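S.K.: Got a structure for you, written out below as structure tokens; questions coming shortly.
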Amino acid sequence: MSVTLRVILIVCSIISCILCIKKIKQAKLKVENAIVWMLGSFLLIFMSIFSGVVEWCATGLGFEAPVNFVFVIVIAFLLIEVYLNNLKITELNEKIKDIAHHIAINEHENNKEKEKNNG
């Protein structure tokens with residue numbers, strides 16, 4: 001892996017960590033969500049520092065170049081994150097639908113009571 005790529009990975013990882021910490025302090029990001037991004041950043045830093053391990057894994061898995069292995073790891077990480085976010089979104093959509101049903105039932109019951117009291 002080239003020195004340029006290693007430096008870029010380290011700089012981007014440090015920037016990512018700083019942004020996560022800043023968003024946590026602003027209460028715009030939960031700690032549990034930031035942990036995933038921090039782990040991803042630390043993984044990139046690890047791969048940058050120990051490029052021999054990356055080269056060994058890339059060769060063992062049949063990659064043409066170690067940088068391709070790094071890209072596959074990053075893409076896999078992002079796909080997992082998207083999948084987990086989709087699970088959370090689906091769960092939240094179900095909760096919103098349940099709340100909407102409860103609100104509709106309560107309004108219907110309130111309207112019945114109003115009609116009963118007026119009539």
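Chain labels follow the order of the structure tokens: the first chain is A, the next B, and so on; residue numbering restarts at 1 in every chain, and ligands are counted from 1 in their shown order.
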Can you pull out every residue within 10 Å of range 74-87 of chain A, counting only C-alpha atoms, but drop anything in the same chain fewer than 2 positions away, and send it as a PyMOL selection string?
M.R.: chain A and resi 33+36-37+40+43-44+68-72+89-93
S.K.: Restrict the selected residues to N, CA, C and O atoms and save them as a PDB file, in the first residue's frame.
M.R.:
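The result, stored in result.pdb:
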ATOM      1  N   ASN A  33     -24.238   4.870  18.368  1.00  0.00           N
ATOM      2  CA  ASN A  33     -24.051   4.964  16.921  1.00  0.00           C
ATOM      3  C   ASN A  33     -22.631   5.412  16.573  1.00  0.00           C
ATOM      4  O   ASN A  33     -22.070   5.000  15.560  1.00  0.00           O
ATOM      5  N   VAL A  36     -19.705   2.642  16.371  1.00  0.00           N
ATOM      6  CA  VAL A  36     -19.510   1.924  15.106  1.00  0.00           C
ATOM      7  C   VAL A  36     -18.555   2.704  14.202  1.00  0.00           C
ATOM      8  O   VAL A  36     -17.634   2.136  13.613  1.00  0.00           O
ATOM      9  N   TRP A  37     -18.772   4.025  14.116  1.00  0.00           N
ATOM     10  CA  TRP A  37     -17.913   4.839  13.256  1.00  0.00           C
ATOM     11  C   TRP A  37     -16.504   4.946  13.820  1.00  0.00           C
ATOM     12  O   TRP A  37     -15.524   4.959  13.067  1.00  0.00           O
ATOM     13  N   GLY A  40     -14.751   1.759  12.998  1.00  0.00           N
ATOM     14  CA  GLY A  40     -14.358   1.796  11.589  1.00  0.00           C
ATOM     15  C   GLY A  40     -13.125   2.653  11.366  1.00  0.00           C
ATOM     16  O   GLY A  40     -12.222   2.292  10.598  1.00  0.00           O
ATOM     17  N   LEU A  43     -10.137   0.824  12.663  1.00  0.00           N
ATOM     18  CA  LEU A  43      -9.778  -0.241  11.720  1.00  0.00           C
ATOM     19  C   LEU A  43      -8.956   0.317  10.559  1.00  0.00           C
ATOM     20  O   LEU A  43      -7.950  -0.281  10.161  1.00  0.00           O
ATOM     21  N   LEU A  44      -9.363   1.461  10.041  1.00  0.00           N
ATOM     22  CA  LEU A  44      -8.597   2.082   8.956  1.00  0.00           C
ATOM     23  C   LEU A  44      -7.206   2.508   9.417  1.00  0.00           C
ATOM     24  O   LEU A  44      -6.222   2.343   8.683  1.00  0.00           O
ATOM     25  N   ASN A  68      -7.211  -2.689  -3.094  1.00  0.00           N
ATOM     26  CA  ASN A  68      -8.516  -3.284  -3.417  1.00  0.00           C
ATOM     27  C   ASN A  68      -9.113  -3.970  -2.193  1.00  0.00           C
ATOM     28  O   ASN A  68     -10.325  -3.923  -1.974  1.00  0.00           O
ATOM     29  N   PHE A  69      -8.262  -4.603  -1.408  1.00  0.00           N
ATOM     30  CA  PHE A  69      -8.715  -5.237  -0.173  1.00  0.00           C
ATOM     31  C   PHE A  69      -9.251  -4.185   0.795  1.00  0.00           C
ATOM     32  O   PHE A  69     -10.295  -4.381   1.424  1.00  0.00           O
ATOM     33  N   VAL A  70      -8.545  -3.060   0.904  1.00  0.00           N
ATOM     34  CA  VAL A  70      -9.004  -1.964   1.775  1.00  0.00           C
ATOM     35  C   VAL A  70     -10.369  -1.468   1.310  1.00  0.00           C
ATOM     36  O   VAL A  70     -11.277  -1.258   2.127  1.00  0.00           O
ATOM     37  N   PHE A  71     -10.537  -1.291   0.008  1.00  0.00           N
ATOM     38  CA  PHE A  71     -11.823  -0.828  -0.524  1.00  0.00           C
ATOM     39  C   PHE A  71     -12.932  -1.825  -0.224  1.00  0.00           C
ATOM     40  O   PHE A  71     -14.049  -1.430   0.126  1.00  0.00           O
ATOM     41  N   VAL A  72     -12.651  -3.104  -0.335  1.00  0.00           N
ATOM     42  CA  VAL A  72     -13.663  -4.128  -0.050  1.00  0.00           C
ATOM     43  C   VAL A  72     -14.056  -4.080   1.424  1.00  0.00           C
ATOM     44  O   VAL A  72     -15.247  -4.174   1.760  1.00  0.00           O
ATOM     45  N   ILE A  89     -34.835   1.787  10.874  1.00  0.00           N
ATOM     46  CA  ILE A  89     -35.868   2.573  10.195  1.00  0.00           C
ATOM     47  C   ILE A  89     -37.168   1.784  10.121  1.00  0.00           C
ATOM     48  O   ILE A  89     -38.248   2.326  10.358  1.00  0.00           O
ATOM     49  N   THR A  90     -37.085   0.517   9.798  1.00  0.00           N
ATOM     50  CA  THR A  90     -38.281  -0.327   9.722  1.00  0.00           C
ATOM     51  C   THR A  90     -38.959  -0.407  11.086  1.00  0.00           C
ATOM     52  O   THR A  90     -40.185  -0.295  11.192  1.00  0.00           O
ATOM     53  N   GLU A  91     -38.165  -0.594  12.130  1.00  0.00           N
ATOM     54  CA  GLU A  91     -38.723  -0.660  13.484  1.00  0.00           C
ATOM     55  C   GLU A  91     -39.403   0.657  13.857  1.00  0.00           C
ATOM     56  O   GLU A  91     -40.510   0.660  14.412  1.00  0.00           O
ATOM     57  N   LEU A  92     -38.776   1.773  13.531  1.00  0.00           N
ATOM     58  CA  LEU A  92     -39.365   3.080  13.842  1.00  0.00           C
ATOM     59  C   LEU A  92     -40.636   3.331  13.039  1.00  0.00           C
ATOM     60  O   LEU A  92     -41.600   3.912  13.561  1.00  0.00           O
ATOM     61  N   ASN A  93     -40.660   2.897  11.781  1.00  0.00           N
ATOM     62  CA  ASN A  93     -41.872   3.042  10.966  1.00  0.00           C
ATOM     63  C   ASN A  93     -43.032   2.253  11.563  1.00  0.00           C
ATOM     64  O   ASN A  93     -44.179   2.718  11.556  1.00  0.00           O
TER      65      ASN A  93
END
S.K.: Compile the contact shell of Val54 in chain A as a list of chain:residue names: residues with an atom at most 9 Å away, counting only C-alpha atoms, same-chain residues fewer than 4 positions apart removed.
M.R.: A:Met1, A:Met47, A:Ser48, A:Phe50, A:Ala58, A:Thr59, A:Pro66, A:Val67, A:Phe69, A:Val70
S.K.: To one decimal place, how far is CA of Lys30 in chain A from CA of Ile15 in chain A in Å?
M.R.: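 Atom-to-atom, CA of Lys30 in chain A and CA of Ile15 in chain A are spaced 17.9 Å apart.
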